[in-house]
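Asks: This is final.txt (compact mmCIF, C-alpha atoms).
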# COMPACT_ATOMS: atom_id res chain seq x y z
CA MET A 24 31.34 -2.77 25.41
CA ALA A 25 28.52 -1.32 23.36
CA ALA A 26 27.50 -3.18 20.22
CA GLU A 27 28.77 -1.74 16.93
CA SER A 28 26.57 0.99 15.43
CA ASN A 29 25.83 -0.56 12.06
CA LEU A 30 22.42 -0.50 10.41
CA LYS A 31 21.58 -4.11 11.30
CA ASN A 32 22.43 -3.73 14.99
CA MET A 33 20.61 -0.43 15.36
CA ALA A 34 17.43 -1.60 13.61
CA LEU A 35 17.45 -4.85 15.55
CA CYS A 36 18.02 -3.17 18.89
CA LEU A 37 15.29 -0.55 18.40
CA THR A 38 12.82 -3.13 17.12
CA LEU A 39 13.41 -5.49 20.02
CA VAL A 40 13.22 -2.77 22.65
CA CYS A 41 10.02 -1.32 21.15
CA LEU A 42 8.42 -4.75 20.80
CA PHE A 43 9.26 -5.63 24.38
CA CYS A 44 8.01 -2.29 25.71
CA SER A 45 4.74 -2.59 23.76
CA ALA A 46 4.24 -6.06 25.21
CA VAL A 47 4.80 -4.75 28.74
CA LEU A 48 2.36 -1.88 28.14
CA ALA A 49 -0.25 -4.21 26.68
CA ALA A 50 0.02 -6.45 29.73
CA VAL A 51 -0.27 -3.56 32.18
CA TYR A 52 -3.17 -2.13 30.19
CA VAL A 53 -5.09 -5.41 30.42
CA VAL A 54 -4.46 -5.68 34.16
CA THR A 55 -5.43 -2.08 34.96
CA LYS A 56 -8.33 -1.72 32.50
CA ASP A 57 -11.06 -2.85 34.89
CA PRO A 58 -9.78 -0.98 37.96
CA ILE A 59 -9.50 2.22 35.88
CA GLU A 60 -13.05 1.84 34.62
CA ARG A 61 -14.26 1.15 38.13
CA ALA A 62 -12.41 4.18 39.49
CA ASN A 63 -13.92 6.40 36.78
CA ALA A 64 -17.39 4.97 37.34
CA ASN A 65 -17.00 5.64 41.06
CA ILE A 66 -16.07 9.26 40.45
CA LEU A 67 -19.14 9.61 38.20
CA LYS A 68 -21.45 7.90 40.68
CA GLU A 69 -20.17 10.00 43.56
CA SER A 70 -20.64 13.25 41.69
CA ILE A 71 -24.16 12.31 40.59
CA GLY A 72 -25.02 11.43 44.18
CA LEU A 73 -23.62 14.78 45.25
CA VAL A 74 -25.66 16.94 42.87
CA LEU A 75 -29.05 15.25 43.22
CA PRO A 76 -31.40 15.27 46.21
CA PRO A 77 -31.12 12.01 48.18
CA GLY A 78 -33.63 9.26 47.36
CA GLY A 79 -35.28 8.89 43.99
CA ASP A 80 -34.68 6.31 41.27
CA LEU A 81 -31.78 7.13 39.00
CA SER A 82 -32.22 6.55 35.27
CA GLU A 83 -29.62 5.21 32.86
CA GLU A 84 -27.49 7.81 31.11
CA ARG A 85 -29.26 9.58 28.25
CA PRO A 86 -27.70 11.53 25.40
CA LEU A 87 -28.15 15.30 25.26
CA GLU A 88 -26.58 18.30 23.58
CA VAL A 89 -25.16 20.77 26.11
CA GLY A 90 -23.66 24.05 24.89
CA GLY A 91 -23.37 22.64 21.37
CA LEU A 92 -21.43 19.57 22.51
CA PRO A 93 -22.68 16.02 22.83
CA SER A 94 -23.12 15.15 26.49
CA VAL A 95 -25.25 13.03 28.80
CA TYR A 96 -27.76 13.48 31.60
CA TYR A 97 -29.43 11.38 34.29
CA VAL A 98 -32.92 11.72 35.68
CA SER A 99 -33.86 11.03 39.26
CA SER A 100 -37.56 10.35 39.68
CA SER A 101 -39.71 9.81 42.72
CA ALA A 102 -43.02 7.96 42.26
CA GLY A 103 -42.67 8.07 38.47
CA THR A 104 -42.32 11.84 38.06
CA PRO A 105 -38.91 13.33 37.33
CA ALA A 106 -37.70 15.17 40.43
CA ALA A 107 -34.24 16.25 39.41
CA TYR A 108 -31.76 16.10 36.55
CA ALA A 109 -28.00 15.63 36.66
CA ILE A 110 -26.53 17.17 33.51
CA GLN A 111 -22.92 16.77 32.46
CA SER A 112 -21.59 20.00 31.01
CA SER A 113 -18.20 20.86 29.53
CA THR A 114 -16.59 24.24 28.85
CA VAL A 115 -13.08 25.50 28.31
CA GLY A 116 -11.42 26.72 31.48
CA PHE A 117 -8.08 28.48 31.88
CA SER A 118 -5.89 25.63 30.73
CA GLY A 119 -8.18 22.98 29.29
CA PRO A 120 -11.64 21.47 29.43
CA LEU A 121 -13.64 21.91 32.62
CA THR A 122 -16.36 19.28 33.06
CA LEU A 123 -19.09 19.68 35.64
CA MET A 124 -22.03 17.66 36.83
CA VAL A 125 -24.90 20.06 37.40
CA GLY A 126 -27.92 18.97 39.43
CA ILE A 127 -31.13 20.81 38.61
CA THR A 128 -34.41 20.19 40.37
CA ALA A 129 -37.68 20.04 38.42
CA ASP A 130 -38.55 23.64 39.39
CA GLY A 131 -35.44 24.90 37.57
CA LYS A 132 -33.29 25.61 40.63
CA ILE A 133 -29.76 24.32 40.91
CA TYR A 134 -29.45 21.68 43.60
CA ASN A 135 -25.68 21.39 43.60
CA THR A 136 -22.69 21.19 41.27
CA SER A 137 -19.59 19.07 41.24
CA VAL A 138 -16.39 19.03 39.19
CA LEU A 139 -15.84 15.85 37.19
CA SER A 140 -12.53 16.80 35.63
CA HIS A 141 -10.44 19.91 35.10
CA SER A 142 -6.91 20.96 34.27
CA GLU A 143 -6.81 24.30 36.06
CA THR A 144 -3.72 25.72 37.78
CA PRO A 145 -3.10 23.99 41.11
CA GLY A 146 -3.65 26.39 43.99
CA LEU A 147 -5.59 28.85 41.83
CA GLY A 148 -8.23 27.69 39.35
CA ALA A 149 -8.05 24.17 40.76
CA LYS A 150 -9.80 25.57 43.82
CA CYS A 151 -13.06 25.37 41.83
CA ALA A 152 -13.12 21.71 42.89
CA THR A 153 -12.24 22.25 46.56
CA ASP A 154 -13.03 25.82 47.63
CA GLU A 155 -16.03 25.69 50.00
CA PRO A 156 -17.24 29.31 49.69
CA PHE A 157 -17.08 29.14 45.90
CA MET A 158 -18.84 25.81 45.57
CA THR A 159 -21.57 26.36 48.18
CA GLN A 160 -22.86 29.50 46.46
CA PHE A 161 -24.38 27.27 43.77
CA GLU A 162 -26.37 25.18 46.24
CA GLY A 163 -30.01 26.09 45.80
CA PHE A 164 -29.10 28.81 43.30
CA ASP A 165 -32.27 30.14 41.66
CA PRO A 166 -31.54 31.50 38.16
CA ALA A 167 -34.84 33.37 38.23
CA GLU A 168 -33.69 35.49 41.18
CA LYS A 169 -29.96 35.84 40.71
CA ILE A 170 -27.72 36.40 37.72
CA LEU A 171 -25.45 33.48 36.94
CA ALA A 172 -22.23 35.39 36.22
CA VAL A 173 -19.25 36.58 38.22
CA LYS A 174 -19.49 40.01 39.86
CA LYS A 175 -16.94 41.44 37.43
CA ASP A 176 -19.43 40.71 34.62
CA GLY A 177 -22.33 42.18 36.56
CA GLY A 178 -23.58 38.91 38.02
CA ASP A 179 -24.09 37.64 41.55
CA LEU A 180 -21.28 35.11 41.85
CA ASP A 181 -18.12 35.50 43.90
CA ALA A 182 -15.25 34.42 41.68
CA ILE A 183 -12.29 32.44 43.00
CA THR A 184 -9.51 34.86 43.95
CA ALA A 185 -7.17 35.38 41.00
CA SER A 186 -9.08 32.85 38.88
CA THR A 187 -11.74 34.83 37.07
CA ILE A 188 -11.39 32.80 33.87
CA THR A 189 -12.02 29.53 35.69
CA SER A 190 -14.96 31.04 37.55
CA ARG A 191 -16.43 32.32 34.27
CA ALA A 192 -16.05 28.89 32.70
CA TYR A 193 -17.76 27.36 35.72
CA ALA A 194 -20.68 29.77 35.40
CA LEU A 195 -20.90 29.16 31.66
CA ALA A 196 -21.01 25.40 32.17
CA ILE A 197 -23.94 25.83 34.55
CA GLN A 198 -25.66 28.20 32.14
CA ASN A 199 -25.32 25.65 29.34
CA ALA A 200 -26.73 22.99 31.63
CA LEU A 201 -29.68 25.21 32.48
CA ALA A 202 -30.33 25.84 28.78
CA ALA A 203 -30.18 22.10 28.14
CA PHE A 204 -32.57 21.58 31.05
CA GLN A 205 -35.10 23.85 29.34
CA THR A 206 -34.80 21.70 26.21
CA ILE A 207 -35.49 18.55 28.22
CA LYS A 208 -38.46 20.18 29.92
CA GLY A 209 -39.80 21.39 26.57
CA GLU A 210 -39.91 17.90 25.16
CA MET G 12 32.51 4.75 46.47
CA ASN G 13 30.63 2.34 48.72
CA LYS G 14 26.99 1.38 48.45
CA LEU G 15 25.82 3.72 51.18
CA GLN G 16 27.48 6.70 49.52
CA LEU G 17 25.83 5.77 46.22
CA PHE G 18 22.52 6.11 47.98
CA THR G 19 23.17 9.21 50.10
CA LYS G 20 24.92 11.34 47.49
CA GLY G 21 21.61 11.83 45.66
CA ILE G 22 20.00 13.18 48.82
CA VAL G 23 22.71 15.59 49.96
CA LYS G 24 25.87 16.12 47.95
CA GLU G 25 24.32 15.73 44.52
CA ASN G 26 20.77 16.66 45.40
CA PRO G 27 19.07 17.00 41.99
CA ILE G 28 17.20 20.19 42.87
CA PHE G 29 19.27 22.18 45.33
CA VAL G 30 22.70 21.27 44.00
CA LEU G 31 22.43 20.03 40.40
CA LEU G 32 19.41 22.21 39.51
CA LEU G 33 17.87 19.52 37.31
CA GLY G 34 14.20 18.89 36.64
CA LEU G 35 13.13 22.37 37.61
CA CYS G 36 10.01 22.40 35.45
CA PRO G 37 7.99 19.85 37.46
CA THR G 38 9.61 21.21 40.61
CA LEU G 39 8.28 24.71 40.10
CA ALA G 40 4.94 23.62 38.68
CA THR G 41 3.77 20.89 41.04
CA THR G 42 4.94 22.16 44.43
CA THR G 43 1.86 24.23 45.18
CA SER G 44 1.30 22.08 48.25
CA ALA G 45 3.37 19.62 50.25
CA ILE G 46 1.23 16.67 49.26
CA ASN G 47 1.46 17.52 45.54
CA GLY G 48 5.23 17.91 45.77
CA MET G 49 5.57 14.61 47.59
CA SER G 50 3.35 12.73 45.13
CA MET G 51 5.30 14.10 42.19
CA GLY G 52 8.57 13.17 43.91
CA LEU G 53 7.43 9.61 44.58
CA ALA G 54 6.15 9.19 41.02
CA THR G 55 9.54 10.28 39.70
CA LEU G 56 11.32 8.03 42.22
CA PHE G 57 9.39 5.03 40.88
CA VAL G 58 10.34 5.77 37.27
CA LEU G 59 13.92 6.63 38.18
CA VAL G 60 14.65 3.37 40.03
CA LEU G 61 13.06 1.12 37.41
CA SER G 62 14.48 2.91 34.37
CA ASN G 63 17.95 3.00 35.96
CA MET G 64 17.80 -0.75 36.54
CA ALA G 65 16.45 -1.58 33.08
CA ILE G 66 18.95 0.67 31.34
CA SER G 67 21.93 -0.68 33.24
CA ALA G 68 20.79 -4.17 32.21
CA ILE G 69 20.46 -3.44 28.49
CA ALA G 70 23.13 -0.75 28.04
CA PRO G 71 25.99 -3.11 27.03
CA ARG G 72 23.96 -4.39 24.08
CA VAL G 73 22.67 -1.05 22.80
CA PRO G 74 24.59 0.46 19.85
CA ASP G 75 25.89 3.94 20.68
CA LYS G 76 24.11 5.79 17.91
CA VAL G 77 20.64 4.72 19.03
CA HIS G 78 21.14 4.78 22.79
CA ILE G 79 19.07 7.94 23.39
CA PRO G 80 15.95 6.70 21.54
CA VAL G 81 16.23 3.36 23.30
CA TYR G 82 16.50 5.00 26.74
CA ILE G 83 13.57 7.28 25.99
CA VAL G 84 11.40 4.31 24.96
CA VAL G 85 12.31 2.49 28.18
CA ILE G 86 11.58 5.56 30.32
CA ALA G 87 8.33 6.30 28.47
CA THR G 88 7.22 2.73 29.06
CA PHE G 89 7.69 3.00 32.82
CA VAL G 90 5.93 6.36 32.88
CA THR G 91 2.94 4.93 31.01
CA VAL G 92 2.83 1.96 33.38
CA LEU G 93 2.83 4.45 36.26
CA GLN G 94 0.01 6.39 34.61
CA PHE G 95 -2.16 3.28 34.30
CA VAL G 96 -1.45 2.27 37.88
CA MET G 97 -2.20 5.72 39.26
CA GLN G 98 -5.41 6.04 37.26
CA ALA G 99 -6.55 2.69 38.61
CA TRP G 100 -5.64 2.95 42.28
CA THR G 101 -4.97 6.59 43.12
CA PRO G 102 -7.36 8.49 40.82
CA VAL G 103 -7.44 11.54 43.09
CA ILE G 104 -3.66 12.11 42.99
CA TYR G 105 -3.68 11.35 39.28
CA LYS G 106 -6.29 14.06 38.81
CA THR G 107 -4.19 16.65 40.65
CA LEU G 108 -0.87 15.91 38.99
CA GLY G 109 -2.50 15.21 35.62
CA LEU G 110 -0.29 16.57 32.90
CA PHE G 111 2.94 16.36 34.88
CA ILE G 112 2.97 12.58 35.06
CA PRO G 113 3.48 12.05 31.30
CA LEU G 114 6.07 14.83 31.44
CA ILE G 115 8.31 12.67 33.66
CA VAL G 116 9.46 11.16 30.35
CA VAL G 117 11.33 14.35 29.52
CA ASN G 118 12.49 15.02 33.07
CA CYS G 119 16.22 15.54 32.70
CA ILE G 120 16.98 13.83 36.01
CA VAL G 121 15.72 10.51 34.66
CA LEU G 122 17.56 10.68 31.33
CA GLY G 123 20.53 12.31 33.09
CA ARG G 124 20.96 9.41 35.51
CA ALA G 125 20.59 6.93 32.65
CA GLU G 126 23.30 8.71 30.66
CA ALA G 127 25.65 9.63 33.48
CA PHE G 128 25.36 6.61 35.72
CA ALA G 129 23.19 3.64 34.79
CA ASN G 130 24.79 2.88 31.44
CA GLN G 131 28.23 2.38 33.03
CA ASN G 132 27.25 0.65 36.26
CA GLY G 133 25.67 -2.57 37.51
CA ILE G 134 21.99 -3.10 38.22
CA ILE G 135 22.23 -2.88 42.02
CA ASP G 136 24.42 0.23 41.99
CA SER G 137 22.05 1.83 39.47
CA ALA G 138 19.03 0.99 41.61
CA LEU G 139 20.71 2.57 44.64
CA ASP G 140 21.65 5.62 42.60
CA GLY G 141 18.07 5.96 41.34
CA LEU G 142 16.71 5.50 44.85
CA GLY G 143 19.05 8.16 46.23
CA GLN G 144 18.33 10.66 43.48
CA GLY G 145 14.60 9.94 43.74
CA MET G 146 14.64 10.44 47.51
CA GLY G 147 16.59 13.66 47.07
CA PHE G 148 14.03 14.84 44.53
CA THR G 149 11.09 13.83 46.73
CA PHE G 150 12.66 15.50 49.78
CA SER G 151 13.29 18.75 47.88
CA LEU G 152 9.80 18.85 46.37
CA THR G 153 8.13 18.14 49.69
CA VAL G 154 10.09 20.88 51.47
CA LEU G 155 9.45 23.36 48.68
CA GLY G 156 5.77 22.39 48.58
CA LEU G 157 5.50 22.73 52.34
CA VAL G 158 7.03 26.20 52.41
CA ARG G 159 4.81 27.39 49.56
CA GLU G 160 1.72 25.85 51.12
CA VAL G 161 2.38 27.44 54.53
CA LEU G 162 2.96 30.88 53.01
CA GLY G 163 0.50 30.69 50.13
CA SER G 164 -2.49 28.80 51.50
CA GLY G 165 -1.89 28.88 55.26
CA SER G 166 -2.04 25.11 55.63
CA VAL G 167 0.24 22.14 56.28
CA PHE G 168 -0.39 18.97 54.26
CA GLY G 169 -3.91 20.21 53.55
CA LEU G 170 -4.71 21.12 57.18
CA LYS G 171 -5.55 24.81 57.43
CA PHE G 172 -4.16 26.79 60.35
CA ILE G 173 -5.47 30.20 59.32
CA SER G 174 -8.81 31.11 57.81
CA GLY G 175 -8.91 32.64 54.36
CA ASP G 176 -6.11 32.83 51.84
CA GLY G 177 -2.40 33.12 52.46
CA ILE G 178 -0.03 35.19 50.37
CA LEU G 179 -1.34 34.20 46.95
CA ALA G 180 1.89 34.99 45.12
CA PHE G 181 3.54 31.98 46.73
CA VAL G 182 1.09 29.61 45.08
CA MET G 183 1.86 31.15 41.70
CA ALA G 184 5.01 30.90 39.62
CA PRO G 185 6.91 33.91 41.08
CA GLY G 186 6.56 32.45 44.56
CA ALA G 187 7.92 29.15 43.31
CA PHE G 188 11.07 30.83 42.02
CA LEU G 189 11.50 32.89 45.20
CA CYS G 190 11.08 29.92 47.54
CA LEU G 191 13.33 27.72 45.47
CA GLY G 192 16.02 30.40 45.42
CA TYR G 193 16.00 30.93 49.18
CA LEU G 194 15.86 27.21 49.94
CA MET G 195 18.82 26.71 47.62
CA VAL G 196 20.78 29.37 49.51
CA LEU G 197 19.99 27.73 52.85
CA PHE G 198 20.79 24.23 51.63
CA ASN G 199 24.13 25.25 50.17
CA LYS G 200 25.06 27.29 53.23
CA PHE G 201 24.75 24.24 55.47
CA LEU G 202 26.37 21.98 52.92
CA LYS G 203 29.50 24.13 52.69
CA LYS G 204 30.24 23.84 56.42
If you took the structure in this file and wrote it as structure tokens, what would it be?
Replies:
Amino acid sequence: MAAESNLKNMALCLTLVCLFCSAVLAAVYVVTKDPIERANANILKESIGLVLPPGGDLSEERPLEVGGLPSVYYVSSSAGTPAAYAIQSSTVGFSGPLTLMVGITADGKIYNTSVLSHSETPGLGAKCATDEPFMTQFEGFDPAEKILAVKKDGGDLDAITASTITSRAYALAIQNALAAFQTIKGE
Amino acid sequence: MNKLQLFTKGIVKENPIFVLLLGLCPTLATTTSAINGMSMGLATLFVLVLSNMAISAIAPRVPDKVHIPVYIVVIATFVTVLQFVMQAWTPVIYKTLGLFIPLIVVNCIVLGRAEAFANQNGIIDSALDGLGQGMGFTFSLTVLGLVREVLGSGSVFGLKFISGDGILAFVMAPGAFLCLGYLMVLFNKFLKK
């Protein structure tokens, strides 16, 4: 039989249940904290490796403002001279922030891009992280020769089918990264 | 009702999707591919079994007027545990399902089973009930995901069998409703026999 619903019982029951649940969560948090950090660091390391030319010494993360937001970048140098930059760049996609890692070589060309996190529609905008034809068009993209915008906006990029907003956000994130790259070069 | 029936009724006779029509929001939203549907189903199964067991254990001591908040706290705890675990060991699946994992808290199957079954039955019966309902949910989501993936993306569990896109509408919301409707018709046709 359920306990009587008087104030004392109700307060006691809720307090005990909440206390116990918080304790369980705290315990699980402590146990999973390191694995989560490791998993996130792995994702970051993988995407940096993906967008920079192989070889070269990778620097520590450095702060940078990209598209008006605080962000970070990494420099890969060979024999002391910076050869390429991996710039983290965030924009707003169709249903939330879209964060990219953009690799730019010292001559201002894009080496490759990779999606760090997104919340786009599965099967549509989410293809920006998996769709080969969409992603490969950024490899070796030279902003001096082509226009970094989807064809609908008069650019040279093929958008993902039925996901123009995501594709635009993707292009904007790269544009912001390129602008930030100019700032780094100017220093 | 014997133990086996407790388990199987969730899969066939009281299938949460095709018969009871519960939890349709994650069903429609996450079944863009078979693997997504299956992951979502398994995540819900995990929460369902554990919350059913915990609730059947504490139900006799919970005052009636606060039973809903107490159940929600218990369910939310298991969901958060699941979130931590998935972030740590299956970050890729966590990334795909993202928002829909925390939303398991408000999945009406989980609260529904707590209200309709777990609070009046023993721990083992409740675990079996949760397992059955969870399997039924996983089965339905996988089938729905598979059908939508075959029609919409031309692939099976991520393996493409045609080049290019499928019928895009099936990946989007209208396709989800259509597929679900037809699958429901089929399921109920065979069930009636």
Asks: Select all residues from chain A having any atom no more than 9 Å from an atom of chain G (counting only C-alpha atoms, ignoring ligands), output as a PyMOL selection string.
Replies: chain A and resi 24-29+32-34+36-37+40-41+44-45+47-48+51-52+55-63+66+140-142+144-147+149+184-185
Asks: Neighbours of Asn135 (chain A) within 9 Å (all atoms listed in the file; same-chain residues fewer than 3 positions away dropped), as a list in words?
Replies: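 These residues fall inside the cut-off: Leu73, Val74, Leu75, Pro76, Met124, Val125, Gly126, Ile127, Met158, Thr159, Phe161, Glu162, Gly163 and Phe164 of chain A.
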Asks: Quick one: residues within 7 Å of Phe148 (chain G), all atoms listed in the file, excluding same-chain residues fewer than 6 positions away - as a PDB file with C-alpha atoms, in the frame of the given file?
Replies:
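Contents of the output file result_30.pdb:
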ATOM      1  CA  PRO G  27      19.070  17.000  41.990  1.00  0.00           C
ATOM      2  CA  ILE G  28      17.200  20.190  42.870  1.00  0.00           C
ATOM      3  CA  GLY G  52       8.570  13.170  43.910  1.00  0.00           C
TER       4      GLY G  52
END
Asks: Show me as a list in words the residues that reach within 6 Å of (-18.7, 34.6, 33.4), counting all atoms listed in the file and using the file's own coordinates.
Replies: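 Collected hits near the coordinates: Ala172, Val173, Arg191 and Ala194 of chain A.
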Asks: For Ile134 (chain G), which residue among G:Ala65, G:Leu114, G:Leu152, G:Pro185 is the nearest when counting all atoms listed in the file?
Replies: G:Ala65
Asks: Closest to Thr38 (chain G) among G:Asn199, G:Thr153, G:Thr19, G:Ser137, using all atoms listed in the file?
Replies: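 Selected residue with least distance to Thr38 (chain G): G:Thr153.
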Asks: How many Å separate CA of Asn63 (chain G) from CA of Gly141 (chain G)?
Replies: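 According to the coordinates, CA of Asn63 (chain G) and CA of Gly141 (chain G) are separated by 6.1 Å.
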Asks: Ranking A:Thr189, A:Asp80, A:Gly178, A:Ala203 by minimum distance to Tyr96 (chain A) and counting all atoms listed in the file, which one comes first?
Replies: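 Of all the options, A:Ala203 lies closest to Tyr96 (chain A).
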Asks: Counting all atoms listed in the file, which of A:Leu87, A:Ile183, A:Ala64, A:Leu42 gets nearest to Thr153 (chain A)?
Replies: A:Ile183
Asks: To one decimal place in Å, what is the distance between CA of Thr149 (chain G) and CA of Cys151 (chain A)?
Replies: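 Taking CA of Thr149 (chain G) and CA of Cys151 (chain A), their separation equals 27.2 Å.
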Asks: Taking (-18.3, 14.1, 36.3) in the file's coordinates as the center, which residues reach within 7 Å of it, counting all atoms listed in the file, put as a count of residues only?
Replies: 10
Asks: In Å, with one decimal, what is the gap from CA of Met51 (chain G) to CA of Gly123 (chain G)?
Replies: 17.8 Å
Asks: May I have the residues within 8 Å of Leu155 (chain G) as a list of chain:residue names, using all atoms listed in the file and disregarding those fewer than 6 positions away in the same chain?
Replies: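 After dropping sequence-adjacent residues, the list is G:Thr42, G:Ala45, G:Gly48, G:Cys190, G:Leu191, G:Leu194.
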Asks: Rank A:Leu92, A:Ala46, A:Ile188, A:Leu81 by their smallest atom-to-atom distance to Tyr108 (chain A), using all atoms listed in the file, and report the top residue only.
Replies: A:Leu81
Asks: Using only C-alpha atoms, can you tell me which of G:Phe198, G:Glu25, G:Leu56, G:Val30 comes closest to Ile115 (chain G)?
Replies: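 Among G:Phe198, G:Glu25, G:Leu56, G:Val30, it is G:Leu56 that comes nearest to Ile115 (chain G).
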Asks: Neighbouring residues of Leu201 (chain A) were defined as those with any atom within 12 Å, considering only C-alpha atoms; residues of the same chain fewer than 5 positions away were excluded. Please report them as a ChimeraX atom specification.
Replies: /A:88-90,96,108-112,124-134,136,164-167,171,194-196,206-208
